[in-house]
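Structure file work-v8.cif (mmCIF, C-alpha atoms (C1' of nucleotides)) is printed below.
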data_my_file
#
loop_
_atom_site.label_atom_id
_atom_site.label_comp_id
_atom_site.auth_asym_id
_atom_site.auth_seq_id
_atom_site.Cartn_x
_atom_site.Cartn_y
_atom_site.Cartn_z
CA MET Y 844 0.00 0.00 0.00
CA SER Y 845 2.99 2.30 -0.32
CA GLY Y 846 2.66 2.97 -4.03
CA PRO Y 847 3.97 1.04 -7.03
CA SER Y 848 7.62 0.28 -6.32
CA GLY Y 849 8.88 -2.43 -8.62
CA ALA Y 850 6.78 -5.57 -8.40
CA GLU Y 851 4.11 -4.12 -6.12
CA ARG Y 852 0.67 -3.23 -7.28
CA LYS Y 853 -1.16 -0.08 -6.33
CA PRO Y 854 -4.03 -0.48 -3.87
CA ARG Y 855 -7.36 -1.51 -5.28
CA ALA Y 856 -9.93 1.20 -5.67
CA ASP Y 857 -12.44 -0.51 -3.42
CA ALA Y 858 -9.93 -0.78 -0.58
CA LEU Y 859 -9.07 2.90 -0.80
CA ARG Y 860 -12.75 3.77 -0.86
CA ASN Y 861 -13.53 1.56 2.14
CA ARG Y 862 -10.64 2.99 4.14
CA GLU Y 863 -12.01 6.46 3.54
CA LEU Y 864 -15.52 5.35 4.55
CA LEU Y 865 -14.12 3.90 7.77
CA ILE Y 866 -12.27 7.08 8.71
CA GLU Y 867 -15.36 9.19 8.12
CA ALA Y 868 -17.55 6.72 10.00
CA ALA Y 869 -15.14 6.67 12.93
CA LYS Y 870 -15.00 10.45 13.04
CA ALA Y 871 -18.78 10.67 13.15
CA GLY Y 872 -19.02 7.83 15.65
CA PHE Y 873 -16.56 9.41 18.08
CA ALA Y 874 -18.30 12.76 17.78
CA GLU Y 875 -21.82 11.41 18.24
CA THR Y 876 -21.42 8.46 20.55
CA GLY Y 877 -18.16 9.25 22.30
CA PRO Y 878 -14.85 7.48 22.79
CA ASP Y 879 -16.50 4.18 23.56
CA VAL Y 880 -18.28 3.71 20.28
CA THR Y 881 -17.87 0.08 19.30
CA LEU Y 882 -15.77 -0.94 16.35
CA GLU Y 883 -18.76 -2.93 15.14
CA GLU Y 884 -20.75 0.31 15.06
CA ILE Y 885 -18.04 2.05 13.07
CA ALA Y 886 -17.96 -0.81 10.59
CA ARG Y 887 -21.75 -0.71 10.37
CA ARG Y 888 -21.75 3.01 9.70
CA ALA Y 889 -19.19 2.51 6.95
CA SER Y 890 -21.24 -0.38 5.48
CA VAL Y 891 -18.24 -2.72 5.67
CA GLY Y 892 -17.60 -5.94 7.55
CA ILE Y 893 -15.73 -6.03 10.84
CA GLY Y 894 -12.89 -7.94 9.18
CA THR Y 895 -12.45 -5.04 6.79
CA LEU Y 896 -12.12 -2.58 9.63
CA TYR Y 897 -9.42 -4.69 11.23
CA ARG Y 898 -7.61 -5.12 7.97
CA HIS Y 899 -7.25 -1.39 7.58
CA PHE Y 900 -6.82 -0.51 11.22
CA PRO Y 901 -5.40 -3.33 13.38
CA THR Y 902 -6.29 -1.61 16.66
CA ARG Y 903 -8.73 0.96 17.98
CA ASP Y 904 -5.82 3.36 18.43
CA ALA Y 905 -4.92 3.01 14.78
CA ILE Y 906 -8.24 4.35 13.60
CA VAL Y 907 -8.20 7.06 16.25
CA GLU Y 908 -4.83 8.23 14.97
CA ALA Y 909 -5.97 8.23 11.37
CA VAL Y 910 -9.02 10.32 12.22
CA TYR Y 911 -7.15 12.90 14.21
CA ARG Y 912 -4.04 13.31 12.11
CA ARG Y 913 -6.11 15.31 9.70
CA GLU Y 914 -7.65 17.44 12.41
CA LEU Y 915 -4.31 18.27 13.91
CA GLN Y 916 -2.87 19.28 10.57
CA GLN Y 917 -5.26 22.21 10.61
CA LEU Y 918 -4.13 23.27 14.06
CA ALA Y 919 -0.53 23.22 12.95
CA GLU Y 920 -1.38 25.40 9.98
CA ALA Y 921 -3.17 27.88 12.24
CA ALA Y 922 0.06 28.37 14.18
CA THR Y 923 1.88 29.37 11.02
CA ARG Y 924 -0.80 31.86 10.05
CA LEU Y 925 -0.97 33.45 13.49
CA GLN Y 926 2.79 33.79 13.63
CA ALA Y 927 2.81 35.61 10.34
CA SER Y 928 0.26 38.19 11.45
CA LEU Y 929 0.66 38.83 15.18
CA PRO Y 930 3.39 39.70 17.66
CA ALA Y 931 5.08 36.54 18.90
CA ALA Y 932 3.58 36.22 22.38
CA GLU Y 933 0.16 37.22 21.15
CA ALA Y 934 0.38 34.55 18.43
CA LEU Y 935 1.11 31.99 21.14
CA ARG Y 936 -1.85 33.14 23.21
CA GLN Y 937 -4.20 33.16 20.27
CA TRP Y 938 -3.07 29.75 19.13
CA MET Y 939 -3.78 28.26 22.52
CA GLY Y 940 -7.25 29.76 22.34
CA VAL Y 941 -7.73 28.25 18.89
CA PHE Y 942 -6.57 24.91 20.28
CA VAL Y 943 -9.19 25.02 23.02
CA ASP Y 944 -11.92 26.01 20.57
CA TYR Y 945 -10.83 23.23 18.27
CA ILE Y 946 -10.96 20.59 20.97
CA ALA Y 947 -14.41 21.84 21.93
CA THR Y 948 -15.69 21.77 18.36
CA LYS Y 949 -14.14 18.49 17.22
CA LYS Y 950 -14.55 16.65 20.53
CA ILE Y 951 -11.16 15.05 20.24
CA ILE Y 952 -10.82 12.09 22.52
CA ALA Y 953 -8.79 12.87 25.61
CA SER Y 954 -6.77 9.68 25.62
CA ALA Y 955 -5.82 10.11 21.98
CA LEU Y 956 -4.71 13.65 22.62
CA GLY Y 957 -2.59 12.52 25.52
CA SER Y 958 -0.89 9.90 23.38
CA ILE Y 959 -0.33 12.32 20.51
CA VAL Y 960 1.37 14.80 22.80
CA GLY Y 961 3.15 12.28 24.99
CA GLY Y 962 4.94 10.89 22.00
CA ALA Y 963 5.75 7.56 23.60
CA SER Y 964 3.94 5.59 20.93
CA GLU Y 965 5.20 5.10 17.39
CA LEU Y 966 1.61 5.05 16.24
CA TYR Y 967 1.06 8.66 17.05
CA ALA Y 968 4.46 9.91 15.92
CA ALA Y 969 3.18 11.66 12.80
CA SER Y 970 0.44 13.52 14.65
CA GLY Y 971 2.77 14.30 17.51
CA VAL Y 972 5.31 15.94 15.24
CA LEU Y 973 2.68 18.31 13.88
CA ILE Y 974 1.45 19.60 17.18
CA ASN Y 975 4.74 19.58 19.03
CA GLY Y 976 6.32 21.39 16.09
CA ALA Y 977 3.65 24.08 16.14
CA MET Y 978 4.15 24.77 19.82
CA SER Y 979 7.93 24.82 19.41
CA GLU Y 980 7.75 27.38 16.63
CA LEU Y 981 5.47 29.61 18.64
CA VAL Y 982 7.55 29.40 21.81
CA GLN Y 983 10.85 29.94 20.01
CA GLY Y 984 9.38 32.96 18.29
CA ALA Y 985 8.19 34.49 21.55
CA VAL Y 986 11.44 33.71 23.38
CA GLY Y 987 13.48 35.12 20.49
CA ALA Y 988 11.43 38.30 20.59
CA GLY Y 989 12.09 38.55 24.31
CA GLU Y 990 8.35 38.39 24.98
CA ILE Y 991 8.32 35.32 27.20
CA ARG Y 992 10.83 33.92 29.67
CA PRO Y 993 13.68 32.06 27.98
CA ASP Y 994 13.28 28.96 30.15
CA ALA Y 995 9.83 28.25 28.74
CA ASP Y 996 9.83 24.70 27.43
CA PRO Y 997 7.48 24.00 24.48
CA ALA Y 998 6.78 20.46 25.64
CA ASP Y 999 5.80 21.72 29.10
CA LEU Y 1000 3.44 24.26 27.62
CA LEU Y 1001 1.84 21.74 25.33
CA ARG Y 1002 1.28 19.41 28.27
CA ALA Y 1003 -0.33 22.28 30.16
CA LEU Y 1004 -2.52 23.20 27.22
CA VAL Y 1005 -3.70 19.63 26.79
CA GLY Y 1006 -4.27 19.43 30.54
CA PHE Y 1007 -6.47 22.52 30.41
CA THR Y 1008 -8.72 20.72 27.95
CA TYR Y 1009 -8.81 17.62 30.09
CA GLY Y 1010 -12.26 16.62 31.25
CA ALA Y 1011 -13.66 18.61 28.38
CA THR Y 1012 -17.18 17.58 29.27
CA GLY Y 1013 -18.19 19.82 32.15
CA PRO Y 1014 -20.39 22.81 31.42
CA GLY Y 1015 -17.84 25.56 31.90
CA TRP Y 1016 -14.62 23.87 30.93
CA GLN Y 1017 -13.94 26.03 27.93
CA ALA Y 1018 -14.14 29.33 29.75
CA SER Y 1019 -12.03 27.84 32.52
CA ALA Y 1020 -9.38 26.76 30.02
CA LEU Y 1021 -9.25 30.24 28.51
CA ARG Y 1022 -8.84 31.82 31.97
CA LEU Y 1023 -6.01 29.39 32.69
CA ILE Y 1024 -4.33 30.35 29.44
CA ASP Y 1025 -4.42 33.98 30.61
CA ILE Y 1026 -2.79 33.06 33.92
CA LEU Y 1027 -0.21 30.93 32.17
CA MET Y 1028 0.66 33.73 29.76
CA ASP Y 1029 1.07 36.09 32.71
CA GLY Y 1030 3.39 33.56 34.30
CA LEU Y 1031 5.40 33.38 31.10
CA ARG Y 1032 6.23 37.05 31.00
CA PRO Y 1033 9.94 37.69 31.24
CA GLN Y 1034 10.90 37.89 34.86
CA VAL Y 1035 11.91 41.22 36.32
CA GLN Y 1036 14.39 40.30 39.06
CA ARG Y 1037 11.99 38.13 40.98
CA ARG Y 1038 13.62 35.04 42.24
CA GLY Y 1039 16.87 34.64 40.31
CA MET G 695 -26.05 -0.61 55.15
CA SER G 696 -26.51 2.85 56.55
CA GLY G 697 -26.49 1.90 60.19
CA PRO G 698 -29.26 0.75 62.50
CA SER G 699 -32.18 3.09 61.98
CA GLY G 700 -35.42 1.63 63.30
CA ALA G 701 -36.13 -1.78 61.88
CA GLU G 702 -32.83 -2.09 59.94
CA ARG G 703 -30.07 -4.37 60.98
CA LYS G 704 -26.44 -3.42 61.06
CA PRO G 705 -24.23 -4.97 58.39
CA ARG G 706 -22.92 -8.41 58.99
CA ALA G 707 -19.35 -8.76 59.99
CA ASP G 708 -18.45 -10.89 57.00
CA ALA G 709 -19.82 -8.34 54.57
CA LEU G 710 -17.83 -5.54 56.19
CA ARG G 711 -14.73 -7.68 56.10
CA ASN G 712 -15.20 -8.60 52.44
CA ARG G 713 -15.81 -5.00 51.46
CA GLU G 714 -12.52 -4.08 53.08
CA LEU G 715 -10.74 -6.93 51.32
CA LEU G 716 -12.12 -5.75 47.99
CA ILE G 717 -10.96 -2.18 48.48
CA GLU G 718 -7.46 -3.31 49.42
CA ALA G 719 -7.36 -5.74 46.51
CA ALA G 720 -8.52 -3.08 44.07
CA LYS G 721 -5.95 -0.63 45.34
CA ALA G 722 -3.18 -3.16 44.84
CA GLY G 723 -4.56 -4.24 41.48
CA PHE G 724 -4.70 -0.68 40.11
CA ALA G 725 -1.20 0.02 41.37
CA GLU G 726 0.34 -3.19 40.03
CA THR G 727 -1.60 -3.94 36.88
CA GLY G 728 -2.97 -0.52 35.96
CA PRO G 729 -6.41 0.93 35.31
CA ASP G 730 -7.45 -2.00 33.16
CA VAL G 731 -7.16 -4.68 35.82
CA THR G 732 -10.19 -6.93 35.47
CA LEU G 733 -12.86 -7.04 38.11
CA GLU G 734 -12.43 -10.82 38.14
CA GLU G 735 -8.81 -10.27 39.13
CA ILE G 736 -9.79 -7.93 41.93
CA ALA G 737 -12.32 -10.46 43.21
CA ARG G 738 -9.68 -13.19 43.00
CA ARG G 739 -7.17 -11.13 44.93
CA ALA G 740 -9.77 -10.51 47.61
CA SER G 741 -10.69 -14.23 47.68
CA VAL G 742 -14.36 -13.45 47.06
CA GLY G 743 -16.71 -14.33 44.23
CA ILE G 744 -17.46 -11.94 41.40
CA GLY G 745 -21.07 -11.63 42.61
CA THR G 746 -19.77 -10.34 45.91
CA LEU G 747 -17.74 -7.67 44.18
CA TYR G 748 -20.80 -6.47 42.27
CA ARG G 749 -22.94 -6.52 45.37
CA HIS G 750 -20.62 -4.13 47.11
CA PHE G 751 -19.62 -2.06 44.07
CA PRO G 752 -22.17 -2.07 41.25
CA THR G 753 -19.77 -0.56 38.73
CA ARG G 754 -16.05 -0.27 38.15
CA ASP G 755 -16.29 3.42 38.94
CA ALA G 756 -17.81 2.62 42.32
CA ILE G 757 -14.81 0.66 43.47
CA VAL G 758 -12.44 3.23 42.00
CA GLU G 759 -14.18 5.92 44.01
CA ALA G 760 -14.02 3.90 47.20
CA VAL G 761 -10.30 3.29 46.78
CA TYR G 762 -9.43 6.88 46.10
CA ARG G 763 -11.68 8.60 48.59
CA ARG G 764 -9.24 7.52 51.26
CA GLU G 765 -6.21 8.65 49.32
CA LEU G 766 -7.67 12.06 48.73
CA GLN G 767 -8.50 12.48 52.39
CA GLN G 768 -4.81 12.59 53.06
CA LEU G 769 -4.26 15.26 50.43
CA ALA G 770 -6.98 17.37 51.98
CA GLU G 771 -5.34 17.05 55.38
CA ALA G 772 -1.99 18.10 53.94
CA ALA G 773 -3.57 21.36 52.82
CA THR G 774 -4.66 22.12 56.35
CA ARG G 775 -1.20 21.43 57.75
CA LEU G 776 0.60 23.51 55.13
CA GLN G 777 -1.75 26.43 55.71
CA ALA G 778 -1.01 26.36 59.40
CA SER G 779 2.74 26.53 58.92
CA LEU G 780 3.53 28.54 55.78
CA PRO G 781 2.66 31.89 54.24
CA ALA G 782 -0.53 31.58 52.22
CA ALA G 783 0.83 31.59 48.65
CA GLU G 784 3.71 29.32 49.63
CA ALA G 785 1.24 26.89 51.18
CA LEU G 786 -0.63 26.80 47.88
CA ARG G 787 2.56 26.17 45.94
CA GLN G 788 3.74 23.46 48.30
CA TRP G 789 0.38 21.76 48.28
CA MET G 790 0.36 21.56 44.52
CA GLY G 791 3.80 19.98 44.70
CA VAL G 792 2.53 17.48 47.24
CA PHE G 793 -0.41 16.75 44.93
CA VAL G 794 1.95 15.94 42.06
CA ASP G 795 4.13 13.76 44.25
CA TYR G 796 1.05 12.00 45.53
CA ILE G 797 -0.26 11.23 42.07
CA ALA G 798 3.17 9.91 41.13
CA THR G 799 3.41 7.70 44.19
CA LYS G 800 -0.14 6.38 44.32
CA LYS G 801 -0.63 6.13 40.57
CA ILE G 802 -4.15 7.42 40.74
CA ILE G 803 -6.08 6.62 37.65
CA ALA G 804 -6.39 9.62 35.36
CA SER G 805 -10.03 9.11 34.47
CA ALA G 806 -11.00 8.80 38.12
CA LEU G 807 -9.18 11.98 38.97
CA GLY G 808 -10.95 13.80 36.18
CA SER G 809 -14.32 12.65 37.45
CA ILE G 810 -13.50 13.53 41.05
CA VAL G 811 -12.56 17.05 40.09
CA GLY G 812 -15.17 17.54 37.40
CA GLY G 813 -17.92 16.92 39.87
CA ALA G 814 -20.51 15.99 37.28
CA SER G 815 -21.08 12.57 38.77
CA GLU G 816 -22.90 11.93 42.03
CA LEU G 817 -20.67 8.95 42.57
CA TYR G 818 -17.61 11.05 43.11
CA ALA G 819 -19.27 13.81 45.08
CA ALA G 820 -17.69 12.85 48.42
CA SER G 821 -14.18 12.73 47.00
CA GLY G 822 -14.75 15.88 45.02
CA VAL G 823 -15.78 17.84 48.10
CA LEU G 824 -12.52 16.95 49.82
CA ILE G 825 -10.21 18.05 47.09
CA ASN G 826 -12.21 21.03 45.88
CA GLY G 827 -12.49 22.16 49.48
CA ALA G 828 -8.76 21.95 50.01
CA MET G 829 -8.03 24.05 46.94
CA SER G 830 -10.69 26.59 47.91
CA GLU G 831 -9.20 27.03 51.39
CA LEU G 832 -5.73 27.52 50.00
CA VAL G 833 -6.81 29.99 47.33
CA GLN G 834 -9.01 31.99 49.69
CA GLY G 835 -6.15 32.20 52.15
CA ALA G 836 -3.74 33.46 49.52
CA VAL G 837 -6.24 35.93 48.05
CA GLY G 838 -7.12 37.18 51.54
CA ALA G 839 -3.45 37.72 52.28
CA GLY G 840 -3.10 39.69 49.06
CA GLU G 841 -0.53 37.20 47.80
CA ILE G 842 -2.32 36.08 44.64
CA ARG G 843 -4.65 37.85 42.25
CA PRO G 844 -8.21 38.12 43.56
CA ASP G 845 -9.77 36.73 40.37
CA ALA G 846 -8.09 33.35 40.89
CA ASP G 847 -10.80 30.71 40.79
CA PRO G 848 -10.12 27.57 42.89
CA ALA G 849 -11.93 25.31 40.44
CA ASP G 850 -9.83 26.64 37.56
CA LEU G 851 -6.63 26.02 39.49
CA LEU G 852 -7.65 22.52 40.43
CA ARG G 853 -8.43 21.75 36.79
CA ALA G 854 -5.00 23.06 35.84
CA LEU G 855 -3.31 21.03 38.54
CA VAL G 856 -5.04 17.85 37.47
CA GLY G 857 -4.21 18.68 33.86
CA PHE G 858 -0.53 18.98 34.75
CA THR G 859 -0.62 15.41 36.01
CA TYR G 860 -2.39 14.21 32.91
CA GLY G 861 -0.52 11.58 30.97
CA ALA G 862 1.41 10.79 34.11
CA THR G 863 3.30 7.99 32.41
CA GLY G 864 6.01 9.72 30.38
CA PRO G 865 9.52 9.74 31.79
CA GLY G 866 9.73 13.42 32.71
CA TRP G 867 6.15 14.27 33.50
CA GLN G 868 6.71 15.00 37.15
CA ALA G 869 9.46 17.54 36.62
CA SER G 870 7.38 19.10 33.86
CA ALA G 871 4.39 19.40 36.19
CA LEU G 872 6.50 21.08 38.86
CA ARG G 873 7.87 23.57 36.31
CA LEU G 874 4.33 24.34 35.21
CA ILE G 875 3.31 24.95 38.80
CA ASP G 876 6.10 27.52 39.03
CA ILE G 877 4.85 29.31 35.91
CA LEU G 878 1.28 29.16 37.15
CA MET G 879 2.27 30.65 40.51
CA ASP G 880 4.11 33.44 38.69
CA GLY G 881 0.98 34.09 36.70
CA LEU G 882 -1.05 34.23 39.90
CA ARG G 883 0.94 37.02 41.46
CA PRO G 884 -1.16 40.11 42.04
CA GLN G 885 -1.10 42.23 38.92
CA VAL G 886 0.74 45.51 38.96
CA GLN G 887 -1.21 47.68 36.51
CA ARG G 888 -0.71 45.41 33.57
CA ARG G 889 -3.76 45.15 31.49
CA GLY G 890 -6.60 46.52 33.54
"C1'" DT B 176 -10.66 -12.94 -21.72
"C1'" DT B 177 -8.08 -15.23 -18.16
"C1'" DA B 178 -5.39 -15.69 -14.07
"C1'" DT B 179 -4.29 -14.27 -9.68
"C1'" DA B 180 -3.48 -11.39 -5.91
"C1'" DT B 181 -6.10 -8.35 -3.20
"C1'" DA B 182 -9.89 -7.56 -0.43
"C1'" DC B 183 -14.11 -8.86 1.27
"C1'" DG B 184 -17.83 -10.49 5.08
"C1'" DG B 185 -19.06 -12.71 8.96
"C1'" DA B 186 -19.01 -17.02 11.79
"C1'" DG B 187 -16.95 -18.49 15.69
"C1'" DG B 188 -13.93 -18.25 19.69
"C1'" DG B 189 -11.91 -15.52 23.63
"C1'" DT B 190 -12.33 -12.13 27.22
"C1'" DT B 191 -14.68 -9.32 30.34
"C1'" DC B 192 -18.67 -7.68 32.35
"C1'" DC B 193 -22.90 -8.54 34.73
"C1'" DT B 194 -27.05 -11.03 36.58
"C1'" DC B 195 -29.59 -14.44 38.90
"C1'" DC B 196 -30.47 -18.23 41.83
"C1'" DG B 197 -29.49 -22.08 44.85
"C1'" DT B 198 -26.78 -22.40 49.04
"C1'" DT B 199 -24.50 -20.78 53.16
"C1'" DT B 200 -24.04 -18.12 57.17
"C1'" DA B 201 -24.39 -14.44 60.57
"C1'" DG B 202 -27.25 -12.26 63.80
"C1'" DC B 203 -31.24 -11.82 66.60
"C1'" DA B 204 -35.10 -13.25 69.45
"C1'" DA B 205 -37.18 -16.56 72.28
"C1'" DT A 1261 -28.94 -22.88 73.41
"C1'" DT A 1262 -31.90 -23.32 69.54
"C1'" DG A 1263 -34.43 -21.98 65.61
"C1'" DC A 1264 -35.57 -18.79 62.16
"C1'" DT A 1265 -34.69 -15.72 58.58
"C1'" DA A 1266 -32.67 -12.12 56.23
"C1'" DA A 1267 -28.25 -11.01 54.59
"C1'" DA A 1268 -24.59 -12.46 51.96
"C1'" DC A 1269 -22.32 -15.74 49.41
"C1'" DG A 1270 -20.20 -18.09 44.82
"C1'" DG A 1271 -20.20 -19.07 40.29
"C1'" DA A 1272 -22.72 -20.68 36.05
"C1'" DG A 1273 -24.45 -18.75 32.17
"C1'" DG A 1274 -25.64 -15.07 28.95
"C1'" DA A 1275 -24.57 -10.55 26.65
"C1'" DA A 1276 -21.43 -7.45 24.59
"C1'" DC A 1277 -17.35 -6.47 22.38
"C1'" DC A 1278 -13.01 -7.60 20.44
"C1'" DC A 1279 -10.38 -10.21 17.15
"C1'" DT A 1280 -9.07 -13.95 13.81
"C1'" DC A 1281 -9.47 -16.98 10.03
"C1'" DC A 1282 -11.23 -18.90 5.89
"C1'" DG A 1283 -14.25 -19.45 1.99
"C1'" DT A 1284 -15.80 -16.27 -1.52
"C1'" DA A 1285 -15.82 -12.15 -4.36
"C1'" DT A 1286 -13.63 -8.80 -7.10
"C1'" DA A 1287 -10.27 -5.59 -9.03
"C1'" DT A 1288 -6.24 -5.37 -11.73
"C1'" DA A 1289 -2.63 -6.78 -14.89
"C1'" DA A 1290 -1.28 -9.27 -18.83
#
Can the structure from this file be put into structure tokens for me?
Amino acid sequence: MSGPSGAERKPRADALRNRELLIEAAKAGFAETGPDVTLEEIARRASVGIGTLYRHFPTRDAIVEAVYRRELQQLAEAATRLQASLPAAEALRQWMGVFVDYIATKKIIASALGSIVGGASELYAASGVLINGAMSELVQGAVGAGEIRPDADPADLLRALVGFTYGATGPGWQASALRLIDILMDGLRPQVQRRG
Amino acid sequence: MSGPSGAERKPRADALRNRELLIEAAKAGFAETGPDVTLEEIARRASVGIGTLYRHFPTRDAIVEAVYRRELQQLAEAATRLQASLPAAEALRQWMGVFVDYIATKKIIASALGSIVGGASELYAASGVLINGAMSELVQGAVGAGEIRPDADPADLLRALVGFTYGATGPGWQASALRLIDILMDGLRPQVQRRG
DNA sequence: TTATATACGGAGGGTTCCTCCGTTTAGCAA
DNA sequence: TTGCTAAACGGAGGAACCCTCCGTATATAA
């Protein structure tokens, strides 16, 4: 399935089509039913057999990753746009707000997000690179501009940001997350002879 | 099982004993095997039948809550002690550090912690009161002493703190959480005519 | 058109959760 | 101490979900 290289054939059209149906079905299933939607339900929504689902995605995590890699691509692109149009620290702040809005809108599964950011799993490496890279760019820009403290670690901040979205089910979580971003940004201001 | 009130009998000694065995077995099972330890395994460890486990704890969440209510009691008590011996903002900082250490040592299950703090579920109401109460006391003390900004919301800070422990499996998560607490505390300092 | 590799669907088995019912046992009253 | 009965027990069996394997279908290349 990696393209025609020598003796290999290109994937059949029906397989490509079914894979796409499964990703769309999974995306809808997670959004409507939640993280515990059964794989049988996803297969049913895609009008394919359960064996087909497993053939394309050997584990539940595999289909989760496929669904969210696309979503996270858009977040990474937002970072680039914000950086091009705003002062560095303000771009960082705005991006974090976009992140929170995005999580709220797309209802990304908490455990998947943790794995994507944690980076311990090979499966989520591609998604992890996108989102970790975006945060790194933003932080480096703000540090370079002298707008946030130089000891700010992008990985720390991404963990915090993901943590602010954690439990994204309560009624006021979004407003709470945005308030926390404000406090965090205040804490990131360059220190003026505080504690050495 | 709520004590002798009128015609009701007090619980039998064997039931009380088995309930205790189940809680201890669950605690050990979560710590050794992780959040996915089977209920059959917990029953086996406690040397009781699976029906007995269900009789005492109708759902997995019920036994999780019972295990962790005790753990969280100790965290709540730590807040009281720290408040009695340290300046207000320093007590808050230290308590958050103790919280992180506690999560690391006891390996509290992330989803349970989220539910305890979120407060949406009746099941976790007792545990939630403990931990939300502790944070409220600490924040009120620090606000009253003029050591942190008056708009600091205890529920926000608790969400942040829990979020910092999220994904508490990576190699450097603990140090990262402690760094984030530092940044958060910096952000909580009373504002000096910054943004109005 | 033919041959063959790719891809399919779903039956069946494994695991875990959960209930129900026959049996046991603890506690209370006489 | 004895008898009664409600509380509590254990585990068999069924449901739900995950996962694999194999007979069949189908897309693609020659």
Answer key for the PyMOL selection byres ((chain A) within 7 of (chain G)), residues as number ranges by chain: A: 1268-1270
Point-to-point distance in Å for CA of Pro848 in chain G and CA of Ser1019 in chain Y: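 Distance between the two atoms: 10.5 Å.
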Selection result of the PyMOL selection byres ((chain Y and resi 863-868) around 7) on this file, as a PyMOL selection string: chain Y and resi 859-862+869-872+885-886+888-889+906+909-910
Interface, chain B side, toward chain G (8 Å; all atoms listed in the file) as a ChimeraX atom specification: /B:191,201-202
Point-to-point distance in Å for CA of Glu831 in chain G and CA of Glu771 in chain G: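 Interatomic distance here is 11.4 Å.
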What are the closest atom pairs, with distances in Å to one decimal, for each residue of chain Y lying within 10 Å of chain G, using only C-alpha atoms, rows by chain and rising residue number, as CSV?
residue,atom,partner,partner_atom,distance
Y:Ala953,CA,G:Ser805,CA,9.7
Y:Ser954,CA,G:Gly861,CA,8.4
Y:Leu956,CA,G:Gly861,CA,9.6
Y:Gly957,CA,G:Gly861,CA,5.9
Y:Ser958,CA,G:Gly861,CA,7.8
Y:Val960,CA,G:Gly861,CA,9.0
Y:Gly961,CA,G:Gly864,CA,6.6
Y:Gly962,CA,G:Gly864,CA,8.5
Y:Ala963,CA,G:Gly864,CA,7.1
Y:Arg992,CA,G:Ile877,CA,9.8
Y:Asp994,CA,G:Arg873,CA,9.8
Y:Ala995,CA,G:Ile877,CA,8.8
Y:Asp996,CA,G:Ser870,CA,8.9
Y:Ala998,CA,G:Ser870,CA,8.4
Y:Asp999,CA,G:Ser870,CA,5.7
Y:Leu1000,CA,G:Leu874,CA,7.6
Y:Arg1002,CA,G:Phe858,CA,6.7
Y:Ala1003,CA,G:Phe858,CA,5.7
Y:Leu1004,CA,G:Gly857,CA,8.2
Y:Val1005,CA,G:Gly857,CA,7.2
Y:Gly1006,CA,G:Gly857,CA,3.4
Y:Phe1007,CA,G:Gly857,CA,5.6
Y:Thr1008,CA,G:Gly857,CA,7.7
Y:Tyr1009,CA,G:Gly857,CA,6.0
Y:Gly1010,CA,G:Gly808,CA,5.8
Y:Ala1011,CA,G:Gly812,CA,9.2
Y:Thr1012,CA,G:Gly812,CA,8.4
Y:Gly1013,CA,G:Gly812,CA,6.5
Y:Pro1014,CA,G:Ala814,CA,9.0
Y:Gly1015,CA,G:Asp850,CA,9.9
Y:Trp1016,CA,G:Asp850,CA,8.6
Y:Ala1018,CA,G:Asp850,CA,9.3
Y:Ser1019,CA,G:Asp850,CA,5.6
Y:Ala1020,CA,G:Asp850,CA,7.6
Y:Leu1021,CA,G:Asp850,CA,9.8
Y:Arg1022,CA,G:Asp850,CA,7.7
Y:Leu1023,CA,G:Asp850,CA,6.8
Y:Ile1024,CA,G:Leu878,CA,9.6
Y:Asp1025,CA,G:Gly881,CA,8.1
Y:Ile1026,CA,G:Gly881,CA,4.8
Y:Leu1027,CA,G:Leu878,CA,5.5
Y:Met1028,CA,G:Gly881,CA,7.0
Y:Asp1029,CA,G:Gly881,CA,4.5
Y:Gly1030,CA,G:Gly881,CA,3.4
Y:Leu1031,CA,G:Ile877,CA,6.3
Y:Arg1032,CA,G:Gly881,CA,8.3
Y:Gln1034,CA,G:Asp880,CA,9.0
Y:Arg1037,CA,G:Asp880,CA,9.5
Straight-line distance linking CA of Gln788 in chain G with CA of Gly840 in chain G, stated in Å to one decimal: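 Here the two named atoms are 17.6 Å from each other.
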Selection dump of the PyMOL selection byres ((chain B and resi 179) around 10), as a list in words: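 Applied to this file, the PyMOL selection byres ((chain B and resi 179) around 10) returns DT177, DA178, DA180 and DT181 of chain B; DT1288 and DA1289 of chain A.
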Those selected residues, please, written with C-alpha atoms (C1' of nucleotides) and delivered as a PDB file, in the coordinates of the input.
ATOM      1  C1'  DT B 177      -8.080 -15.230 -18.160  1.00  0.00           C
ATOM      2  C1'  DA B 178      -5.390 -15.690 -14.070  1.00  0.00           C
ATOM      3  C1'  DA B 180      -3.480 -11.390  -5.910  1.00  0.00           C
ATOM      4  C1'  DT B 181      -6.100  -8.350  -3.200  1.00  0.00           C
TER       5       DT B 181
ATOM      6  C1'  DT A1288      -6.240  -5.370 -11.730  1.00  0.00           C
ATOM      7  C1'  DA A1289      -2.630  -6.780 -14.890  1.00  0.00           C
TER       8       DA A1289
END
Report as lines of an AutoDock Vina configuration file the centre and the edge lengths, in Å to one decimal, of the axis-aligned box holding every listed atom of range 1277-1280 of chain A, padded by 4 Å on each side.
center_x = -13.2
center_y = -10.2
center_z = 18.1
size_x = 16.3
size_y = 15.5
size_z = 16.6
Near-Glu784 in chain G list (12 Å; only C-alpha atoms (C1' of nucleotides); drop same-chain fewer than 5 positions) as a list in words: Ala773, Leu776, Gln777, Ala778, Ser779, Trp789, Met790, Gly791, Leu832, Val833, Gly835, Ala836, Ala839, Glu841, Ile842, Ile875, Asp876, Met879, Asp880, Leu882 and Arg883 of chain G
